[in-house]
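Pasted below: start16.cif, mmCIF, C-alpha atoms and all ligand atoms.
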data_start
#
loop_
_atom_site.label_atom_id
_atom_site.label_comp_id
_atom_site.auth_asym_id
_atom_site.auth_seq_id
_atom_site.Cartn_x
_atom_site.Cartn_y
_atom_site.Cartn_z
CA VAL A 1 105.61 109.12 68.51
CA PHE A 2 108.08 108.87 71.36
CA ASN A 3 106.43 110.80 74.17
CA PHE A 4 108.93 112.29 76.65
CA ALA A 5 106.25 113.98 78.79
CA ALA A 6 106.74 114.22 82.56
CA GLY A 7 103.22 113.04 83.29
CA PRO A 8 100.69 112.02 82.28
CA ALA A 9 103.25 110.02 80.40
CA THR A 10 103.76 107.20 77.99
CA LEU A 11 102.32 103.80 78.98
CA PRO A 12 103.51 100.37 77.78
CA GLU A 13 102.06 99.62 74.36
CA ASN A 14 101.07 96.06 75.30
CA VAL A 15 99.13 97.41 78.31
CA LEU A 16 97.22 99.87 76.13
CA LEU A 17 96.43 97.15 73.60
CA LYS A 18 95.19 94.84 76.36
CA ALA A 19 92.98 97.64 77.73
CA GLN A 20 91.69 98.22 74.22
CA SER A 21 90.71 94.60 73.77
CA ASP A 22 89.03 94.57 77.23
CA LEU A 23 87.32 97.90 76.67
CA TYR A 24 83.81 96.78 75.66
CA ASN A 25 83.79 93.38 77.26
CA TRP A 26 86.05 92.66 80.22
CA HIS A 27 86.75 88.92 80.51
CA GLY A 28 83.43 87.99 78.90
CA SER A 29 81.44 89.97 81.48
CA GLY A 30 79.71 91.90 78.71
CA MET A 31 80.76 95.12 80.44
CA SER A 32 83.58 97.60 80.34
CA VAL A 33 85.43 98.09 83.64
CA MET A 34 84.03 101.64 83.44
CA GLU A 35 80.51 100.24 83.65
CA MET A 36 80.95 97.82 86.52
CA SER A 37 79.79 98.25 90.09
CA HIS A 38 82.81 98.87 92.27
CA ARG A 39 81.24 96.49 94.79
CA GLY A 40 80.67 93.68 92.31
CA ARG A 41 82.74 90.51 92.22
CA ASP A 42 84.46 91.42 88.95
CA PHE A 43 85.82 94.76 90.08
CA ARG A 44 86.78 93.37 93.47
CA SER A 45 88.90 90.76 91.70
CA ILE A 46 90.59 93.57 89.72
CA ILE A 47 91.50 95.73 92.72
CA GLU A 48 92.54 92.73 94.80
CA LYS A 49 94.87 91.46 92.08
CA ALA A 50 96.32 94.95 91.58
CA GLU A 51 97.14 95.08 95.29
CA VAL A 52 98.61 91.57 95.39
CA ASP A 53 100.81 92.31 92.35
CA LEU A 54 102.01 95.62 93.78
CA ARG A 55 102.82 93.89 97.08
CA THR A 56 104.85 91.31 95.17
CA LEU A 57 106.66 93.93 93.09
CA LEU A 58 107.70 96.06 96.07
CA ASN A 59 107.84 93.24 98.59
CA ILE A 60 105.37 95.12 100.81
CA PRO A 61 105.05 93.48 104.23
CA GLU A 62 101.68 92.61 105.78
CA ASN A 63 101.97 95.38 108.37
CA TYR A 64 101.60 97.99 105.61
CA ALA A 65 98.27 98.99 104.06
CA VAL A 66 98.06 99.68 100.32
CA LEU A 67 95.50 102.33 99.40
CA PHE A 68 94.24 103.34 95.96
CA LEU A 69 93.04 106.92 96.39
CA GLN A 70 92.09 110.00 94.38
CA GLY A 71 93.13 113.64 94.42
CA GLY A 72 96.71 113.11 93.25
CA ALA A 73 99.87 113.44 95.25
CA THR A 74 98.88 117.05 95.95
CA THR A 75 96.02 115.89 98.17
CA GLN A 76 98.48 113.77 100.18
CA PHE A 77 100.47 116.95 100.94
CA ALA A 78 97.55 117.75 103.30
CA ALA A 79 96.47 114.22 104.21
CA ILE A 80 99.92 113.27 105.53
CA PRO A 81 100.13 115.89 108.31
CA LEU A 82 96.43 115.44 109.05
CA ASN A 83 96.92 111.70 109.61
CA LEU A 84 100.35 111.59 111.18
CA CYS A 85 100.44 114.50 113.62
CA ARG A 86 98.66 116.98 115.86
CA PRO A 87 98.51 120.73 115.06
CA ASP A 88 101.35 121.49 117.50
CA ASP A 89 103.66 118.72 116.37
CA THR A 90 106.96 119.46 114.66
CA VAL A 91 107.78 117.65 111.42
CA ASP A 92 110.85 117.97 109.18
CA TYR A 93 110.99 118.56 105.42
CA LEU A 94 113.89 118.19 103.00
CA VAL A 95 113.27 120.53 100.08
CA THR A 96 115.11 119.32 97.00
CA GLY A 97 112.77 120.92 94.47
CA SER A 98 109.34 122.40 93.79
CA TRP A 99 107.34 119.37 94.90
CA GLY A 100 109.03 119.13 98.29
CA ASP A 101 108.45 122.86 98.68
CA LYS A 102 104.75 122.52 97.85
CA ALA A 103 104.40 119.63 100.31
CA PHE A 104 106.06 121.75 103.03
CA LYS A 105 103.82 124.76 102.36
CA GLU A 106 100.65 122.67 102.53
CA ALA A 107 101.77 121.08 105.81
CA GLN A 108 102.03 124.55 107.37
CA LYS A 109 98.22 124.59 107.58
CA TYR A 110 98.06 121.45 109.73
CA CYS A 111 101.15 121.25 111.93
CA LYS A 112 104.54 122.88 112.52
CA PRO A 113 106.77 121.82 109.64
CA LYS A 114 110.39 122.89 109.48
CA VAL A 115 112.64 122.90 106.43
CA ILE A 116 115.87 121.33 107.68
CA TRP A 117 117.59 121.31 104.29
CA SER A 118 116.86 123.21 101.09
CA GLY A 119 118.63 123.16 97.73
CA LYS A 120 116.86 126.32 96.57
CA SER A 121 119.83 128.69 96.70
CA GLU A 122 121.76 126.35 94.38
CA LYS A 123 118.75 125.95 92.10
CA TYR A 124 118.06 122.41 93.23
CA VAL A 125 120.96 120.46 91.81
CA SER A 126 121.66 118.13 94.75
CA VAL A 127 120.24 116.35 97.78
CA PRO A 128 121.61 116.42 101.34
CA LEU A 129 123.92 113.72 102.66
CA CYS A 130 121.96 111.24 104.70
CA ASP A 131 124.34 111.46 107.65
CA GLY A 132 124.70 114.64 109.64
CA LEU A 133 121.28 116.14 108.94
CA GLU A 134 120.19 118.36 111.80
CA GLN A 135 116.77 116.91 112.48
CA SER A 136 114.27 118.22 115.02
CA ALA A 137 114.40 116.11 118.18
CA ASN A 138 110.66 115.42 118.31
CA ALA A 139 109.81 115.38 114.62
CA LYS A 140 106.87 113.05 113.98
CA TYR A 141 108.10 112.48 110.46
CA LEU A 142 110.81 113.42 108.00
CA HIS A 143 109.43 114.14 104.53
CA LEU A 144 111.34 114.01 101.26
CA CYS A 145 110.56 113.89 97.56
CA ALA A 146 112.39 110.80 96.28
CA ASN A 147 112.61 112.17 92.74
CA GLU A 148 112.07 115.83 91.90
CA THR A 149 110.36 115.64 88.52
CA ILE A 150 111.14 119.20 87.45
CA TYR A 151 114.82 119.43 88.43
CA GLY A 152 115.76 115.78 87.85
CA VAL A 153 117.26 115.20 91.30
CA GLU A 154 116.83 111.74 92.85
CA PHE A 155 117.72 110.32 96.26
CA LYS A 156 119.87 107.19 95.86
CA ASP A 157 119.63 106.31 99.54
CA TYR A 158 117.51 107.67 102.34
CA PRO A 159 118.12 109.30 105.71
CA VAL A 160 116.91 107.65 108.90
CA PRO A 161 114.71 109.78 111.19
CA SER A 162 116.72 110.66 114.30
CA ASN A 163 113.62 110.58 116.50
CA PRO A 164 113.14 106.85 117.26
CA SER A 165 109.35 107.26 117.10
CA GLY A 166 109.48 109.41 113.95
CA VAL A 167 109.04 107.94 110.45
CA LEU A 168 110.30 108.63 106.97
CA VAL A 169 107.68 109.79 104.45
CA ALA A 170 108.40 109.90 100.73
CA ASP A 171 106.71 111.31 97.66
CA MET A 172 107.65 108.73 95.00
CA SER A 173 105.30 110.04 92.33
CA SER A 174 107.90 110.19 89.60
CA ASN A 175 110.04 107.17 90.40
CA PHE A 176 107.45 104.75 91.76
CA CYS A 177 108.15 101.17 90.64
CA SER A 178 111.21 102.28 88.66
CA LYS A 179 113.56 100.34 90.96
CA PRO A 180 113.38 98.18 94.08
CA VAL A 181 112.68 100.02 97.33
CA ASP A 182 112.94 98.73 100.87
CA VAL A 183 109.46 99.70 102.03
CA THR A 184 110.38 99.02 105.67
CA GLU A 185 112.61 102.12 105.68
CA PHE A 186 109.44 104.23 105.36
CA GLY A 187 106.39 104.93 107.45
CA LEU A 188 104.54 106.12 104.36
CA ILE A 189 105.16 106.18 100.61
CA TYR A 190 102.83 107.94 98.18
CA ALA A 191 102.75 108.30 94.42
CA GLY A 192 100.45 109.69 91.78
CA ALA A 193 100.06 106.96 89.16
CA GLN A 194 100.32 109.05 86.02
CA LYS A 195 104.07 108.78 85.45
CA ASN A 196 105.11 105.18 85.82
CA VAL A 197 102.12 103.03 86.65
CA GLY A 198 98.89 104.23 85.06
CA PRO A 199 96.62 107.09 84.14
CA ALA A 200 95.99 110.26 86.16
CA GLY A 201 93.29 109.88 88.78
CA VAL A 202 94.84 107.21 91.00
CA CYS A 203 97.17 107.97 93.87
CA ILE A 204 98.76 105.07 95.71
CA VAL A 205 99.57 105.29 99.41
CA ILE A 206 101.55 102.60 101.23
CA VAL A 207 101.37 103.21 104.97
CA ARG A 208 102.49 101.30 108.05
CA LYS A 209 99.34 100.13 109.79
CA ASP A 210 100.33 101.23 113.29
CA LEU A 211 100.33 104.86 112.03
CA LEU A 212 96.61 104.70 111.21
CA GLY A 213 93.83 105.87 113.49
CA ASN A 214 95.34 109.10 114.77
CA ALA A 215 93.90 111.57 112.25
CA GLN A 216 93.17 115.09 113.48
CA GLU A 217 89.47 115.60 114.35
CA LEU A 218 88.85 117.95 111.43
CA THR A 219 90.23 115.50 108.85
CA PRO A 220 87.74 115.08 105.99
CA VAL A 221 86.57 111.51 105.73
CA MET A 222 88.12 111.25 102.25
CA LEU A 223 91.55 112.10 103.67
CA ASP A 224 91.45 109.69 106.59
CA TYR A 225 93.74 106.79 105.69
CA LYS A 226 92.24 104.53 108.36
CA ILE A 227 88.83 104.72 106.75
CA HIS A 228 90.25 103.78 103.34
CA ALA A 229 92.35 100.98 104.85
CA GLU A 230 89.36 99.50 106.71
CA ASN A 231 87.33 99.57 103.52
CA ASN A 232 90.03 98.21 101.19
CA SER A 233 89.96 101.47 99.18
CA LEU A 234 86.23 100.98 98.56
CA TYR A 235 84.79 103.42 101.12
CA ASN A 236 83.36 105.43 98.24
CA THR A 237 83.50 104.93 94.47
CA PRO A 238 87.18 104.59 93.62
CA PRO A 239 88.77 105.50 90.27
CA CYS A 240 87.86 102.05 88.93
CA PHE A 241 89.24 102.26 85.40
CA GLY A 242 92.48 103.84 86.57
CA ILE A 243 92.99 101.10 89.16
CA TYR A 244 92.37 98.49 86.46
CA MET A 245 95.03 100.15 84.28
CA CYS A 246 97.51 100.24 87.18
CA GLY A 247 96.83 96.53 87.66
CA LEU A 248 97.75 95.85 84.03
CA VAL A 249 100.99 97.79 84.48
CA PHE A 250 101.89 95.88 87.68
CA GLU A 251 101.26 92.60 85.85
CA ASP A 252 103.51 93.77 83.01
CA LEU A 253 106.30 94.79 85.40
CA LEU A 254 106.17 91.36 87.04
CA LYS A 255 106.35 89.71 83.61
CA GLN A 256 109.45 91.78 82.86
CA GLY A 257 111.11 90.09 85.84
CA GLY A 258 110.23 92.56 88.61
CA LEU A 259 111.83 95.80 89.67
CA GLU A 260 115.46 94.60 89.61
CA GLU A 261 115.10 94.02 85.87
CA VAL A 262 113.18 97.26 85.40
CA GLU A 263 115.92 99.18 87.19
CA LYS A 264 118.59 97.65 84.93
CA LYS A 265 116.72 98.90 81.87
CA ASN A 266 116.20 102.33 83.41
CA LYS A 267 119.91 102.63 84.29
CA LYS A 268 120.87 101.70 80.76
CA LYS A 269 118.54 104.27 79.17
CA ALA A 270 119.55 107.06 81.54
CA GLY A 271 123.25 106.19 81.13
CA ILE A 272 123.04 106.56 77.35
CA LEU A 273 121.34 109.94 77.60
CA TYR A 274 123.58 111.42 80.32
CA ASN A 275 126.68 110.20 78.45
CA ALA A 276 125.50 111.95 75.31
CA ILE A 277 125.07 115.17 77.30
CA ASP A 278 128.44 114.89 79.06
CA GLU A 279 130.28 114.01 75.87
CA SER A 280 128.87 116.95 73.93
CA THR A 281 131.77 119.18 75.09
CA GLY A 282 129.40 121.71 76.59
CA PHE A 283 126.89 121.94 73.73
CA TYR A 284 124.37 120.26 76.07
CA LYS A 285 124.58 120.63 79.85
CA CYS A 286 122.85 118.89 82.75
CA PRO A 287 123.21 120.99 85.90
CA VAL A 288 122.46 118.17 88.37
CA GLU A 289 125.26 116.66 90.49
CA LYS A 290 126.22 113.39 88.86
CA SER A 291 125.67 111.22 91.93
CA VAL A 292 122.01 112.20 92.25
CA ARG A 293 120.92 112.47 88.65
CA SER A 294 117.44 111.10 88.12
CA LEU A 295 116.90 107.91 86.16
CA MET A 296 113.47 109.20 85.20
CA ASN A 297 113.65 112.91 84.35
CA VAL A 298 116.69 114.23 82.50
CA PRO A 299 116.80 118.03 82.34
CA PHE A 300 119.38 119.74 80.16
CA THR A 301 120.08 123.05 78.53
CA LEU A 302 121.73 124.08 75.30
CA GLU A 303 124.84 126.24 75.55
CA LYS A 304 123.25 128.39 72.86
CA SER A 305 119.88 128.80 74.55
CA GLU A 306 118.53 130.61 71.49
CA LEU A 307 118.58 127.21 69.73
CA GLU A 308 116.20 125.54 72.19
CA ALA A 309 113.03 126.40 70.29
CA GLU A 310 114.58 125.05 67.09
CA PHE A 311 115.68 121.88 68.93
CA LEU A 312 112.12 121.28 70.13
CA ARG A 313 110.62 122.01 66.70
CA GLU A 314 112.96 119.65 64.88
CA ALA A 315 112.56 116.91 67.50
CA ALA A 316 108.77 117.13 67.21
CA LYS A 317 109.05 116.83 63.42
CA GLU A 318 110.97 113.59 64.03
CA LYS A 319 108.12 112.42 66.27
CA MET A 320 109.85 113.04 69.61
CA VAL A 321 107.38 115.15 71.59
CA GLU A 322 106.95 116.86 74.98
CA LEU A 323 110.65 117.61 75.42
CA LYS A 324 110.17 121.15 76.70
CA GLY A 325 111.43 121.75 80.23
CA HIS A 326 108.91 122.65 82.95
CA ARG A 327 107.56 126.18 82.51
CA SER A 328 109.25 127.25 85.76
CA VAL A 329 112.80 126.32 84.65
CA GLY A 330 112.81 126.21 80.83
CA GLY A 331 115.40 124.26 78.88
CA ILE A 332 114.78 120.69 77.79
CA ARG A 333 113.56 117.77 79.86
CA ALA A 334 113.40 114.19 78.64
CA SER A 335 111.25 112.05 80.92
CA ILE A 336 112.21 108.44 80.35
CA TYR A 337 109.89 106.46 82.60
CA ASN A 338 109.64 102.66 82.62
CA ALA A 339 107.51 102.63 79.47
CA MET A 340 109.95 104.65 77.35
CA PRO A 341 111.60 102.06 75.11
CA LEU A 342 115.37 102.00 74.62
CA ASP A 343 114.68 102.84 70.95
CA GLY A 344 113.20 106.17 72.04
CA VAL A 345 116.35 107.12 73.94
CA ASP A 346 118.60 105.91 71.11
CA LYS A 347 116.63 108.01 68.65
CA LEU A 348 116.82 111.09 70.88
CA VAL A 349 120.59 110.71 71.31
CA ALA A 350 121.10 110.28 67.56
CA PHE A 351 119.03 113.41 66.98
CA MET A 352 121.00 115.37 69.62
CA LYS A 353 124.30 114.46 67.94
CA ASP A 354 123.01 115.38 64.52
CA PHE A 355 121.57 118.67 65.80
CA GLN A 356 124.91 119.51 67.42
CA SER A 357 126.86 118.73 64.24
CA ARG A 358 124.62 121.14 62.35
CA HIS A 359 124.66 123.94 64.94
CA ALA A 360 127.97 123.73 66.79
N1 LIG B 401 104.96 115.13 93.44
C1 LIG B 401 105.74 114.95 92.36
C2 LIG B 401 107.14 114.45 92.54
C3 LIG B 401 105.24 115.23 91.08
O1 LIG B 401 106.02 115.05 90.00
C4 LIG B 401 103.91 115.68 90.94
C5 LIG B 401 103.31 115.97 89.63
O2 LIG B 401 103.91 116.10 88.62
C6 LIG B 401 103.16 115.87 92.11
C7 LIG B 401 103.71 115.57 93.33
C8 LIG B 401 101.75 116.36 92.02
O3 LIG B 401 100.95 115.31 91.57
P1 LIG B 401 99.42 115.47 91.24
O4 LIG B 401 99.33 116.36 90.06
O5 LIG B 401 99.00 114.07 90.96
O6 LIG B 401 98.74 116.04 92.42
#
Here is a file; write its structure as structure tokens.
Ligand code: PLP
Amino acid sequence: VFNFAAGPATLPENVLLKAQSDLYNWHGSGMSVMEMSHRGRDFRSIIEKAEVDLRTLLNIPENYAVLFLQGGATTQFAAIPLNLCRPDDTVDYLVTGSWGDKAFKEAQKYCKPKVIWSGKSEKYVSVPLCDGLEQSANAKYLHLCANETIYGVEFKDYPVPSNPSGVLVADMSSNFCSKPVDVTEFGLIYAGAQKNVGPAGVCIVIVRKDLLGNAQELTPVMLDYKIHAENNSLYNTPPCFGIYMCGLVFEDLLKQGGLEEVEKKNKKKAGILYNAIDESTGFYKCPVEKSVRSLMNVPFTLEKSELEAEFLREAAKEKMVELKGHRSVGGIRASIYNAMPLDGVDKLVAFMKDFQSRHA
């Protein structure tokens, strides 16, 4: 099947086959990665290589720590304010969809967050211009969601915090490793793995080292980034198998030529799908402003909304699954992460045209 799910999502076939062949006996160790001590030499080599490969892919400088954590991006919604500010500190949030909104609401428990831009009244179809944002003078950080998975809205460039000692923080869960990113623009980047780089259960945090060590006193040990950084993500038992899978994906992305090449493929796939929508003379519609349309999640509706259920049924029969829009917005959503082959997008577009010709 071609799996268009928003996450957990499709993984590269060669990565899954490699994991299958390693499953019972990793590199002649006689053990599965699932059975290994996380403190043993074998697993240490796995996590160290995963980190090195991710650093190469994203060109992560030495003054940033890379952490492999648990609890998903949702846990970072709390960990970020707990680590980066005091209860009375102001921080700014850009709300370009449901995930940014959830991050803001969680931060309210730990500091004084302020929404300085929200796309809610327009149903989240755009992002703010980077220049001219009215930021709080003393904001410790400016938080944004780089790609809103539900609404399909993606930042193409990023604002600079106006407070010289403030930092930019980004949730990159749904576009992590889909294109090159200048890590030095950010104080902290975080991403759940289960869309582009692995299975659910791993959350990656990339954080500038000088920001560590200031966690609020009540911060649970598991949410204190400094503790994880000092222990190379091995303070407690990490999600070993998930980290191993992420490592295989990083290796695969490097083999593909790195993130410049990956971005080219993603632009091509997204271009084909958005063109098909735009050229359907209104039969299909994508509400998102063209300049900020996501390369990863393509939401669209049918002019005749009563046909959506039929569209999904027929697509599933043709082995194209998980195309239903998020339960909060309805419609259709095709998630076309790195691992979605061009063939999958071509097949979807051919199906869309055929469906239109039969129902227009
Ligand atoms: N942020 C974004 C952009 C997401 O797409 C998701 C999940 O879909 C989350 C956060 C929440 O991630 P998790 O379920 O790993 O906590």
**Prompt:** atom C6 of ligand LIG 401 (chain B) to atom CA of A:Val169: how many Å, to one decimal?
**Reply:**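 So the two atoms, atom C6 of ligand LIG 401 (chain B) and atom CA of A:Val169, lie 14.5 Å apart.
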**Item:** Expected residue set, 8 Å radius at (108.5, 86.6, 92.7), only C-alpha atoms, as a PyMOL selection string
**Value:** chain A and resi 56-57+254+258
Selection from above, C-alpha atoms, as a compact mmCIF listing (two decimals), in the frame of the given file, can you write it?
# COMPACT_ATOMS: atom_id res chain seq x y z
CA THR A 56 104.85 91.31 95.17
CA LEU A 57 106.66 93.93 93.09
CA LEU A 254 106.17 91.36 87.04
CA GLY A 258 110.23 92.56 88.61
**Asked** Which residues, protein or nucleic acid, reach to within 6 Å of (116.7, 106.3, 88.9) in the file's coordinates when using only C-alpha atoms, and can you give that as a PyMOL selection string?
**Response** chain A and resi 294-296
**Request:** Show me which residues sit within 8 Å of ligand LIG 401 (chain B) when counting only C-alpha atoms and all ligand atoms, and put them as a list in words.
**Result:**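 So the residues close to ligand LIG 401 (chain B) are Ala6, Gly7, Gly71, Gly72, Ala73, Thr74, Thr75, Trp99, Gly100, Cys145, Ala146, Asn147, Glu148, Thr149, Ile150, Asp171, Met172, Ser173, Ser174, Ala191, Gly192, Ala193, Gln194, Lys195, Ala200, Gly201 and Cys203 of chain A.
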Those residues you just picked out, can you put them in a file as an mmCIF file, in the coordinates of the input with C-alpha atoms?
data_model
loop_
_atom_site.group_PDB
_atom_site.id
_atom_site.type_symbol
_atom_site.label_atom_id
_atom_site.label_comp_id
_atom_site.auth_asym_id
_atom_site.auth_seq_id
_atom_site.Cartn_x
_atom_site.Cartn_y
_atom_site.Cartn_z
ATOM 1 C CA ALA A 6 106.740 114.220 82.560
ATOM 2 C CA GLY A 7 103.220 113.040 83.290
ATOM 3 C CA GLY A 71 93.130 113.640 94.420
ATOM 4 C CA GLY A 72 96.710 113.110 93.250
ATOM 5 C CA ALA A 73 99.870 113.440 95.250
ATOM 6 C CA THR A 74 98.880 117.050 95.950
ATOM 7 C CA THR A 75 96.020 115.890 98.170
ATOM 8 C CA TRP A 99 107.340 119.370 94.900
ATOM 9 C CA GLY A 100 109.030 119.130 98.290
ATOM 10 C CA CYS A 145 110.560 113.890 97.560
ATOM 11 C CA ALA A 146 112.390 110.800 96.280
ATOM 12 C CA ASN A 147 112.610 112.170 92.740
ATOM 13 C CA GLU A 148 112.070 115.830 91.900
ATOM 14 C CA THR A 149 110.360 115.640 88.520
ATOM 15 C CA ILE A 150 111.140 119.200 87.450
ATOM 16 C CA ASP A 171 106.710 111.310 97.660
ATOM 17 C CA MET A 172 107.650 108.730 95.000
ATOM 18 C CA SER A 173 105.300 110.040 92.330
ATOM 19 C CA SER A 174 107.900 110.190 89.600
ATOM 20 C CA ALA A 191 102.750 108.300 94.420
ATOM 21 C CA GLY A 192 100.450 109.690 91.780
ATOM 22 C CA ALA A 193 100.060 106.960 89.160
ATOM 23 C CA GLN A 194 100.320 109.050 86.020
ATOM 24 C CA LYS A 195 104.070 108.780 85.450
ATOM 25 C CA ALA A 200 95.990 110.260 86.160
ATOM 26 C CA GLY A 201 93.290 109.880 88.780
ATOM 27 C CA CYS A 203 97.170 107.970 93.870
#
**Complete:** Expressed in Å, the length from atom CA of A:Leu248 to atom CA of A:Val262 is 15.6 Å
**Message:** Using only C-alpha atoms, can you tell me which of A:Val52, A:Ile80, A:Val298, A:Leu129 comes closest to A:Leu211?
**Reply:**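 Among the listed residues, A:Ile80 lies closest to A:Leu211.
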**Asked** Hey, which of A:Lys290, A:Lys269, A:Arg313, A:Lys285 ends up closest to A:Gly344? Count only C-alpha atoms.
**Response**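 Answer, going by the shortest atom-to-atom distance: A:Lys269.
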**Message:** To one decimal place in Å, what is the distance between atom CA of A:Val329 and atom CA of A:Lys109?
**Reply:**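 Computed distance, atom CA of A:Val329 to atom CA of A:Lys109, equals 27.2 Å.
Counting all atoms listed in the file, the residue from A:Glu217, A:Glu62, A:Asp224, A:Asp53 that sits nearest to A:Asn83 is A:Asp224.
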**Complete:** With distances taken over only C-alpha atoms, the candidate from A:Ala270, A:Leu253, A:Ala360, A:Val91 nearest A:Leu307 is A:Ala360
**Message:** Between A:Lys112, A:Lys105, A:Lys156, A:His143, which residue has the minimum interatomic distance to A:Ala170, considering only C-alpha atoms?
**Reply:**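 With only C-alpha atoms as the atom set, the closest residue is A:His143.
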**Request:** Have a look at A:Tyr337, A:Pro199, A:Ala316, A:Thr281 and name the one nearest to A:Pro8; count all atoms listed in the file.
**Result:** A:Pro199
**A:Pro220 environment, 12 Å, all atoms listed in the file, sequence neighbours closer than 3 positions dropped, as a count of residues only** = 14
Residues at most 12 Å from A:Arg358, counting only C-alpha atoms, excluding those fewer than 6 positions away in the same chain, as a PDB file with C-alpha atoms, in the coordinates of the input?
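Result saved to selection.pdb:
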ATOM      1  CA  PHE A 283     126.890 121.940  73.730  1.00  0.00           C
ATOM      2  CA  LEU A 307     118.580 127.210  69.730  1.00  0.00           C
ATOM      3  CA  GLU A 310     114.580 125.050  67.090  1.00  0.00           C
ATOM      4  CA  PHE A 311     115.680 121.880  68.930  1.00  0.00           C
ATOM      5  CA  PHE A 351     119.030 113.410  66.980  1.00  0.00           C
ATOM      6  CA  MET A 352     121.000 115.370  69.620  1.00  0.00           C
TER       7      MET A 352
END
Just want the 9 Å neighbourhood of A:Phe300, counted on all atoms listed in the file, with same-chain residues fewer than 6 positions away dropped. Output as a compact mmCIF listing (two decimals) with C-alpha atoms, in the coordinates of the input.
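Generated file (part36.txt):
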# COMPACT_ATOMS: atom_id res chain seq x y z
CA ILE A 277 125.07 115.17 77.30
CA TYR A 284 124.37 120.26 76.07
CA LYS A 285 124.58 120.63 79.85
CA CYS A 286 122.85 118.89 82.75
CA PRO A 287 123.21 120.99 85.90
CA VAL A 288 122.46 118.17 88.37
CA GLY A 325 111.43 121.75 80.23
CA GLY A 331 115.40 124.26 78.88
CA ILE A 332 114.78 120.69 77.79
CA ARG A 333 113.56 117.77 79.86
CA ALA A 334 113.40 114.19 78.64
**Item:** Test item: residues at most 12 Å from stretch 20-30 of chain A, all atoms listed in the file, excluding those fewer than 3 positions along its chain, as a PyMOL selection string
**Value:** chain A and resi 13-17+33-36+40-43+45-46+241+244-245+248
**Message:** So that I can see what lies close to A:Gln108, please list as a ChimeraX atom specification the residues with an atom at most 12 Å from it, counting all atoms listed in the file and leaving out residues fewer than 3 positions away in the same chain.
**Reply:** /A:77-78,80-82,85-93,101-105,111-115
Selection file, C-alpha atoms, as an mmCIF file, in the coordinates of the input:
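This is the output file result_35.cif:
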data_model
loop_
_atom_site.group_PDB
_atom_site.id
_atom_site.type_symbol
_atom_site.label_atom_id
_atom_site.label_comp_id
_atom_site.auth_asym_id
_atom_site.auth_seq_id
_atom_site.Cartn_x
_atom_site.Cartn_y
_atom_site.Cartn_z
ATOM 1 C CA PHE A 77 100.470 116.950 100.940
ATOM 2 C CA ALA A 78 97.550 117.750 103.300
ATOM 3 C CA ILE A 80 99.920 113.270 105.530
ATOM 4 C CA PRO A 81 100.130 115.890 108.310
ATOM 5 C CA LEU A 82 96.430 115.440 109.050
ATOM 6 C CA CYS A 85 100.440 114.500 113.620
ATOM 7 C CA ARG A 86 98.660 116.980 115.860
ATOM 8 C CA PRO A 87 98.510 120.730 115.060
ATOM 9 C CA ASP A 88 101.350 121.490 117.500
ATOM 10 C CA ASP A 89 103.660 118.720 116.370
ATOM 11 C CA THR A 90 106.960 119.460 114.660
ATOM 12 C CA VAL A 91 107.780 117.650 111.420
ATOM 13 C CA ASP A 92 110.850 117.970 109.180
ATOM 14 C CA TYR A 93 110.990 118.560 105.420
ATOM 15 C CA ASP A 101 108.450 122.860 98.680
ATOM 16 C CA LYS A 102 104.750 122.520 97.850
ATOM 17 C CA ALA A 103 104.400 119.630 100.310
ATOM 18 C CA PHE A 104 106.060 121.750 103.030
ATOM 19 C CA LYS A 105 103.820 124.760 102.360
ATOM 20 C CA CYS A 111 101.150 121.250 111.930
ATOM 21 C CA LYS A 112 104.540 122.880 112.520
ATOM 22 C CA PRO A 113 106.770 121.820 109.640
ATOM 23 C CA LYS A 114 110.390 122.890 109.480
ATOM 24 C CA VAL A 115 112.640 122.900 106.430
#
